[in-house]
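Chemist: Have a look at this one.
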2 protein chains.
Amino acid sequence: MATIMDVAKLSGLSKTTVSRVINNHAYVSEEKRMLVLKAMEELDYYPNPAARRLRGQLTTTIGVIIPKITNPFFAYLVDAIEQTAYEKGYQVMIFQSNEDPVKELSFLSLLKTKQVDGIIMTAIENEWEKIEPFLAYGPIVLCNEYMNEPAVPVIKMDQFKGTYMGVKHLIERGHQKIAYCTGGLFAEEGKDRDRNRGYQKALEEAGITVNPNWVFVDRHTIEDGKQVLKKIMKMENRPTAVFTGSDEIAAGMMAEATELGIRIPEEIAIIGFDDQPLAALLTPKLTTVRQPVDQMGQKAAEVIIEQLQDETVAICQYELPIEVIIRHST
Amino acid sequence: MATIMDVAKLSGLSKTTVSRVINNHAYVSEEKRMLVLKAMEELDYYPNPAARRLRGQLTTTIGVIIPKITNPFFAYLVDAIEQTAYEKGYQVMIFQSNEDPVKELSFLSLLKTKQVDGIIMTAIENEWEKIEPFLAYGPIVLCNEYMNEPAVPVIKMDQFKGTYMGVKHLIERGHQKIAYCTGGLFAEEGKDRDRNRGYQKALEEAGITVNPNWVFVDRHTIEDGKQVLKKIMKMENRPTAVFTGSDEIAAGMMAEATELGIRIPEEIAIIGFDDQPLAALLTPKLTTVRQPVDQMGQKAAEVIIEQLQDETVAICQYELPIEVIIRHST
DNA sequence: TTGTATGCGTTATCAG
DNA sequence: CTGATAACGCATACAA
């Protein structure tokens, strides 16, 4: 590995001058700049990131914290971020928290030693009070999650509206008994709070009251979906439609329904969330709420890079549109 | 961030001694060791990886190069690797090559500056001659790919057998006209060569000759699958079964078949590859060749860590079992 | 406009 | 058994 010293020697100049051209400083004569550039080329020189980090420099590295890469939603999100970052000359490091707050904190602390210049968080496992101090070491951007304090840039989707529209679609189809399945809790605050409100609002407007028996919390996987469907089918008074928190859950429900010989949407209508490729492959094709995951990833990358390049840039919130894709499961 | 110097001061010892206890060197009295440990604890000290890297030290970081994270096969593979590595105290960095040889090389060169201690490659985009030199900087483990030279550890699955068994299953079901769909080329060497051989062997044993019109190369996506099915359906003399290179392709074919009102498996039987969660969600459920991706990822992580911890360890090849999961699409 | 000297946090070498 | 010192590669304050 060629070092800055090698370049200096070959070009007959000092380390300092070489460093200056690397970092595009002013006060370098065009003539010497060329000399340096030529030497760099010749030696295939590339600055050692470890040395830069040790100096506390930025290194065009951004970290992305995700709960789980096997969740397609996050895989696509990461892909979009990576794509955009790469085009702008940034590398991304992917960290799986597995929803473990301790891991999340340990990833955040990578900022301290400049292992990463900034971090995009796509979920939040800790109290904001625990996360906030890390801002001193580098920018944090929230993507797909948000806090009420406007201390950091946020890129999110209008989950309230998405859910509202999804449930409304069900109502328009004539359903009155609509179950609700969420990855979070059915609470005023915390995860999926906006979705919860969207569900409630839509029902309320139609003069329907929430039936707590039909609210399923903390459901994530295909297996969860299967269980939920089984549960529903055992109920005496059962819903005719269900709004789910992800296409996976919806897929699990559909698989179980097929197993049990229950017809969709005739006996039970199902709507998903995300619009993953999977959705269009199911039979019947799944009606779902599309999240513009590519746009979101792209925006998140753009915003954090902007923060990195210009510390004074304003802190904004971005809300991306969301839409219901009507197929054949409702 | 506390540094080694802070620890030294607090414990009343020198940097050197502190460094010695960090690295478990011999020749440190139990008494001072305790002093140091206590100070480290108190200051929440953690060695700066950048400094270590600069010194050319190992840093318990392993890199994984994958083509594309949105491909569920690789998402699950990465997840398994990450899980295993984490348990053993290693972090993993994920790099997407997007099948770009240049990117692959740039990731490999991270070894030079010890950004990563070792690399697991899950695909190979360059000639081995280009990759081989990087071995001088750290171990490389091949996972899901292999070269004929035994210079590096390899963890692979018996793709030959998997394909052979899959095609044989089709033959046992009475099919004689069996199409073949691969992500690589239908060549003696290169990507998917073992699968090609498995297909040929199974046909040969049954006295069937390969029909080149029924061989589809370089197919990867759901969309590709749809196209292939359309093509097949337009043929005058068309196959009654098709062996596909991935569950995605199979899913695409099935979706298109449903669209066209073609019954599976009656009119055309389809077998997938991978056994992704998706496979059991399709209608009919997809018969597929299961790849033990979790085991493979785990083994890959174990092997590279072994290499890292003991340079003299033997270079082995591991071949994992593979099986046909018979469901309802064949 | 250019160069010298210093320090970032570690570990290795060598002397005590 | 312990400690001072140099070196890893780079960027900056300061000098020239």
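For the structure tokens, the naming scheme is as follows: chains receive sequential letters (A, B, ...) according to their order of presentation, residues are indexed from 1 within each chain, and ligands are indexed from 1 in presentation order.
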Once you count only C-alpha atoms (C1' of nucleotides), what closest atom pair and distance in Å to one decimal does each residue of chain A within 7 Å of chain D have, with rows by chain and rising residue number, as a Markdown table?

Modeler:
| residue | atom | partner | partner_atom | distance |
| --- | --- | --- | --- | --- |
| A:Thr3 | CA | D:DG9 | C1' | 6.6 |
| A:Ser19 | CA | D:DA11 | C1' | 7.0 |
| A:Asn48 | CA | D:DG9 | C1' | 6.5 |
| A:Ala51 | CA | D:DG9 | C1' | 5.1 |
| A:Arg52 | CA | D:DC10 | C1' | 5.8 |

Chemist: Given the selection you just returned, output its residues as a file containing N, CA and C atoms, formatted as an mmCIF file, in the first residue's frame.

Modeler:
data_model
loop_
_atom_site.group_PDB
_atom_site.id
_atom_site.type_symbol
_atom_site.label_atom_id
_atom_site.label_comp_id
_atom_site.auth_asym_id
_atom_site.auth_seq_id
_atom_site.Cartn_x
_atom_site.Cartn_y
_atom_site.Cartn_z
ATOM 1 N N THR A 3 1.782 4.979 0.576
ATOM 2 C CA THR A 3 1.368 5.967 1.564
ATOM 3 C C THR A 3 1.592 7.371 1.013
ATOM 4 N N SER A 19 -0.994 16.159 0.849
ATOM 5 C CA SER A 19 -2.225 16.190 1.632
ATOM 6 C C SER A 19 -3.138 17.307 1.145
ATOM 7 N N ASN A 48 -5.391 6.093 3.495
ATOM 8 C CA ASN A 48 -5.742 5.065 4.469
ATOM 9 C C ASN A 48 -6.834 5.586 5.412
ATOM 10 N N ALA A 51 -6.137 5.898 9.205
ATOM 11 C CA ALA A 51 -5.347 7.068 9.617
ATOM 12 C C ALA A 51 -6.220 8.311 9.676
ATOM 13 N N ARG A 52 -7.080 8.437 8.691
ATOM 14 C CA ARG A 52 -7.964 9.596 8.667
ATOM 15 C C ARG A 52 -8.891 9.594 9.867
#

Chemist: Show me, as a ChimeraX atom specification, the residues of chain B whose atoms get within 12 Å of chain C, using only C-alpha atoms (C1' of nucleotides) for the distance check.

Modeler: /B:1-6,15-23,25,46-59

Chemist: Using only C-alpha atoms, find the residues of chain A whose closest atom to chain B is at most 10 Å away, then write them as a ChimeraX atom specification.

Modeler: /A:1,47-56,68-80,82-83,91-96,98,109-110,112-115,222,248,251-256,258,277-278,280-285

Chemist: DSSP on the backbone, helix (DSSP H, G or I) only: what residues of segment 71-262 of chain B does that give? Format it as a PyMOL selection string.

Modeler: chain B and resi 72-87+101-111+128-136+159-172+193-205+212-214+222-234+247-260

Chemist: Compute the post-superposition RMSD of the C-alpha atoms of chain B relative to chain A, with atoms paired in order and the fit done by least squares.

Modeler: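 The optimal C-alpha superposition leaves an RMSD of 0.1 Å.
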